[in-house]
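What follows is a single structure, written as structure tokens, with notes after it.
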Amino acid sequence: MALKTKINNLLKEVKAAWAICIKVWKDELSYPLSVLYFILAPILWLAPFIIFGFAIAGGRYSPVLEKMTGIGDIVTYTSLGFAFLGFASAALWGTGLSLRREQWIGTLESVLVSPVSRFTIIFGQGLHSITHTGSGLVLQLVVMIVVFGIHLNLWGIFPSLIAVALTILAIQGIGFMICSIVLAVKQGWMIIDVVDTVFWVVTSTAYPITILPAFLQVVARVSPITYGVESFRGFLLYGPWQPWIWQNIVILAVLDIIYLTLGYLIYLKSEERVKKKGTVHKF
Amino acid sequence: MHFAIETINLYKKFTERIRKFYVFPVRRREVVALNYVNLRVKRGEIFGLLGPNGAGKTTLIKILSTLILPDEGEVYVDGYDVVKEARKVRARIGLVTGGERSIYWKLTARENLLFFARLYKLDKKIAEQRVNELLELMDLEDRADDKIENYSSGMKMKIILAKALIHDPPILLLDEPTLGLDPAFAREIRTFIKEQLNEKEGKTILLTTHYMEEADMLCDRIALIDRGKIIRIGTPEELKREVSTWSVLVLQTAEKPPIKEIETRPYVEQVISGLNNGKYEIKIYVENSAEAAREVLNILNNAGMHVISFRVEEPTLEDVFIKYTGRRLKDEK
Amino acid sequence: MKNETRFKYVLVDETPSLGVTMAIAWKSVKIALRYPFNILFWALVPIGWIMPAIFQGLALAGGTMSAEFASVAGTPDWLSYVILGSVLYMYVMSAVWGMGNALRWEQMSGTLESLLVSPVSRIDILMGAALAETVTTTLTATVQFVVLILIFGIPFAFPYILPFIVILTLMLLAFYGFAMAMAGIVMIFKDPDALTQFLDTLLYVLIPVRYPISKLPYAARILSLLIPATYALTAIRAIILLNKDIYAILDMIIILSVFTLFLWTFGYLAFAYAEYKTKKSGGTGKY
Ligand SMILES: Nc1ncnc2c1ncn2[C@@H]1O[C@H](COP(=O)(O)OP(=O)(O)OP(=O)(O)O)[C@@H](O)[C@H]1O
Ligand SMILES: [Mg+2]
């Protein structure tokens with residue numbers, strides 16, 4: 001009995017979240033410009049890194065990069081890295097940003113008292129960013145294959161999705177932690193920018209993490225995206241049968257458990273606090 | 001001599017785009033906010049615009065203060081055209097609109113007022129003098145160096161009024177000046193508007209409200225406005241005289257009363273009904289209260305309905321509005 | 001009688017007054033300083049945005065010098081090139097969006113109508129916002145620059161400080177013209193997130209932030225030449241990294257001046273039109 005209602009409730013939540021996701025999509029696609037941006041953005045983000053790489057290495061091949069990573073082609077290394085980070089970072093923003101915007105506009109309190117649970121809202125927005133950037137990722141890779149002729153191992157596509165899914169899970173955990181801070185601390189939204197920037201710096205998108213200063217390497221090693229991007233790139237280039245890639249996947253799974261548990265616990269705590277104090281901080 | 005405010009056949013239509021899925025806006029909704037409005041406000045008058053939500057009050061105030069451009073017609077404020085001589089108009093009006101957010105919450109009251117004094121190009125010395133004068137007038141000198149965010153709603157309203165008065169304009173445009181204030185504070189503001197600003201300083205005041213008591217007590221003349229049209233203009237007494245032969249029967253019943261039937265009776269002019277605390281309440285406007293009361297009670301008796309309460313009221317300003325529109329000022333259905 | 005032709009009256013405006021511009025700017029700076037944490041935040045976080053380019057450079061070149069880079073940029077020191085370009089890019093962006101963001105802020109906080117109803121020139125409102133923005137971003141850009149110099153220990157020399165300031169001022173002036181048009185767009189579209197992001201990202205690719213425009217595909221290079229920042233960045237690098245004097249960049253100064261004239265005319269007309277539009281649609285107070 002209890003289980004059945006629980007499942008029913010969960011289904012309702014998912015449906016509501018899906019509705020929110022669809023609504024955001026519609027809002028987004030109702031502006032011609034944002035459609036254009038949606039198509040061009042992934043390529044525009046990547047462009048400076050590719051062009052800069054060409055300018056520095058004098059072409060698309062860098063022996064230094066090859067010595068460090070085993071991959072000498074700047075375009076292949078960088079475009080795979082960026083496709084993945086763009087995706088992961090959007091998952092983070094979908095969760096955090098939804099709250100930040102509401103708080104900024106000052107309507108957060110009204111959202112919090114509305115019948116839709118805030119978890120659903122966060123979940124719905126997250127769903128939107130995942131579907132949004134997911135399609136962006138595919139687009140980006142297609143352009144890279146067509147324009148630059150990068151070679152992918154087709155057998156790696158399916159396992160690479162495992163890397164994507166596991167990374168999103170861990171990011172949801174981190175997203176919940178961030179939400180807790182946003183809810184509890186004055187000007188807490190700033191933390192989203194900070195976290196996003198840190199990921200941006202420590203992820204091995206255009207360079208391996210061994211190039212980073214020691215303290216940043218430590219941060220990189222606890223970041224789930226590090227393992228996500230390595231296995232994503234590994235699967236797509238070398239196929240599913242490399243043991244070192246699976247080692248990364250295992251680490252990622254462990255991080256998932258840690259971050260989700262932590263995130264959930266912290267979120268519960270902060271929610272309790274907010275309810276006790278009765279207010280949500282304005283920006 | 002020209003009027004303080006004059007509108008001639010003022011017309012304003014808003015077009016709202018309703019976006020639909022995929023790329024281009026498709027549907028539009030048109031709202032006629034002001035439908036050929038003619039108004040003349042005399043100097044030194046307190047003039048009230050009384051009307052329900054969406055009547056066009058704010059639109060009118062914003063056109064007078066040059067924030068919205070009219071579509072058709074002529075509009076003069078202090079003799080100047082609001083479109084061609086917007087700058088002169090702006091220097092001659094003080095505007096209160098948009099609730100308590102129209103000043104900077106992160107600045108203190110004094111900083112706010114000094115800033116706006118600079119916008120009206122007051123000299124530094126004169127500005128400081130004027131700010132002190134206003135703070136004293138508002139009885140807020142001791143809080144002058146507190147940030148606005150720490151003020152109560154009433155105090156914020158006072159600073160917003162002071163801001164509108166900074167350049168001592170001859171004409172004040174007040175959009176719902178007492179909205180959201182607690183009753184005591186609202187009364188204080190009303191007295192201030194009437195005694196200080198109008199009687200003592202001789203300012204012309206145009207204010208909008210949907211509280212009929214406010215219009216009744218404050219205004220020399222009132223325009224009833226509904227759906228962009230001026231329905232009636234006159235002093236509160238004149239307006240009330242229009243319904244002086246009426247009485248209002250107020251009944252509460254447990255079940256839904258047969259309104260259609262009541263409406264067809266002799267002496268009955270208008271019937272308004274609604275739910276009040278789970279009971280049906282009907283207001284029946286009648287010419288002959290004794291006759292009509294007998295008729296109505298008969299109908300209800302015959303229908304086997306239980307009348308919870310019954311009373312007879314004198315007509316108010318709102319009833320003038322009801323007489324001409326068949327609807328109430330507040331909580332429209 | 002219809003009022004459709006009355007757009008021209010919007011241009012019948014008050015004469016600008018330096019006093020009012022300063023008052024508006026000072027007010028905004030004062031409010032900005034009441035969020036001191038924000039200023040620090042916006043100075044430090046963008047440093048993180050520059051880092052990936054630097055780490056990428058290190059991973060590809062194996063050091064801070066690159067002979068290949070020298071063959072296109074004139075200097076092998078790509079690190080200084082990137083740092084200078086990135087800090088200036090953020091400076092440019094704040095010039096482009098400063099006015100629009102300020103108007104938007106006033107609109108959201110409910111004070112825009114209080115400004116618009118006062119008898120001050122639109123130029124004063126816009127320039128006041130721009131001035132305040134310049135003050136705060138000069139502050140943040142300086143902090144960024146100093147922090148980056150400290151991190152990487154680059155000895156930047158400013159042998160010709162005057163031409164540097166001339167070029168910087170001209171660049172800001174040119175962009176303020178453009179910014180007026182953007183402020184108009186913000187007034188009309190309220191929350192043009194997609195537009196601002198799009199322009200930001202596009203500009204980042206097109207103007208020489210990390211690499212000289214000769215590395216761009218042909219069509220992109222043509223677009224790049226239509227943007228004043230391209231000239232400003234090239235000129236500033238010529239002064240600081242290549243030790244050129246003011247005569248070497250005279251052509252850039254002339255081009256920027258022409259841009260400024262053109263963009264101001266365009267920007268002012270665009271803003272006046274946008275104001276006319278919002279006053280027609282009654283959108284000044286809404287967000
Ligand atoms: N900028 C706008 N765009 C579209 N429609 C508008 C706009 N401003 C007002 N309207 C519409 O015009 C009508 C008149 O609005 P207005 O705000 O003037 O009414 P009001 O009398 O002030 O009402 P309230 O008592 O609610 O303040 C309403 O139907 C409103 O929806
Ligand atoms: Mg109104």
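Residues in the structure tokens are named by chain (A, B, ... in the order shown) and by number from 1 within that chain; ligands are numbered from 1 in the order shown.
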Test item: residues no farther than 10 Å from ligand 2, counting only C-alpha atoms and all ligand atoms, as a PyMOL selection string:
chain B and resi 51-62+97-98+175-176+208-210
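Residues in contact range of Ile167 in chain C, defined as at most 9 Å between only C-alpha atoms, with sequence neighbours fewer than 5 positions away removed, read C:Leu162, C:Leu172, C:Ala232, C:Leu233, C:Ala235, C:Ile236, C:Met252, C:Ile253, C:Leu256.
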How would the residues just picked look written out with C-alpha atoms as an mmCIF file, in the first residue's frame?
```cif
data_model
loop_
_atom_site.group_PDB
_atom_site.id
_atom_site.type_symbol
_atom_site.label_atom_id
_atom_site.label_comp_id
_atom_site.auth_asym_id
_atom_site.auth_seq_id
_atom_site.Cartn_x
_atom_site.Cartn_y
_atom_site.Cartn_z
ATOM 1 C CA LEU C 162 49.660 58.389 -22.731
ATOM 2 C CA LEU C 172 35.333 53.064 -24.494
ATOM 3 C CA ALA C 232 41.803 48.957 -29.971
ATOM 4 C CA LEU C 233 43.210 45.609 -28.867
ATOM 5 C CA ALA C 235 46.842 49.066 -30.896
ATOM 6 C CA ILE C 236 47.141 48.456 -27.162
ATOM 7 C CA MET C 252 44.151 52.998 -35.394
ATOM 8 C CA ILE C 253 43.343 56.222 -33.578
ATOM 9 C CA LEU C 256 38.485 54.490 -33.779
#
```
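Distances from B:Phe47, B:Tyr211, B:Tyr76, B:Tyr36 to ligand 1 were compared using only C-alpha atoms and all ligand atoms, and the smallest one belongs to B:Tyr211.
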Closest contacts (chain C/ligand 1, max 7 Å, only C-alpha atoms and all ligand atoms) as CSV:
```
residue,atom,partner,partner_atom_place_in_ligand_line,distance
C:Ser281,CA,ligand 1,1 (N),5.3
C:Gly282,CA,ligand 1,1 (N),3.9
C:Gly283,CA,ligand 1,1 (N),4.9
```
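Counting only C-alpha atoms and comparing C:Met108, C:Leu44, C:Leu60, C:Gly19, the residue that lies closest to Gln144 in chain C is C:Leu44.
When CA of Val96 in chain C is paired with CA of Ala181 in chain C, their separation reads 9.4 Å.
Residues with any atom within 9 Å of Phe198 in chain C, counting only C-alpha atoms and excluding same-chain neighbours fewer than 3 positions away, are Leu33, Ser34, Leu36, Tyr37, Leu40, Ala41 and Leu44 of chain A; Asp193, Ala194, Leu195, Thr201, Leu202 and Leu203 of chain C.
CA of Ala206 in chain A sits 19.8 Å away from CA of Phe152 in chain C.
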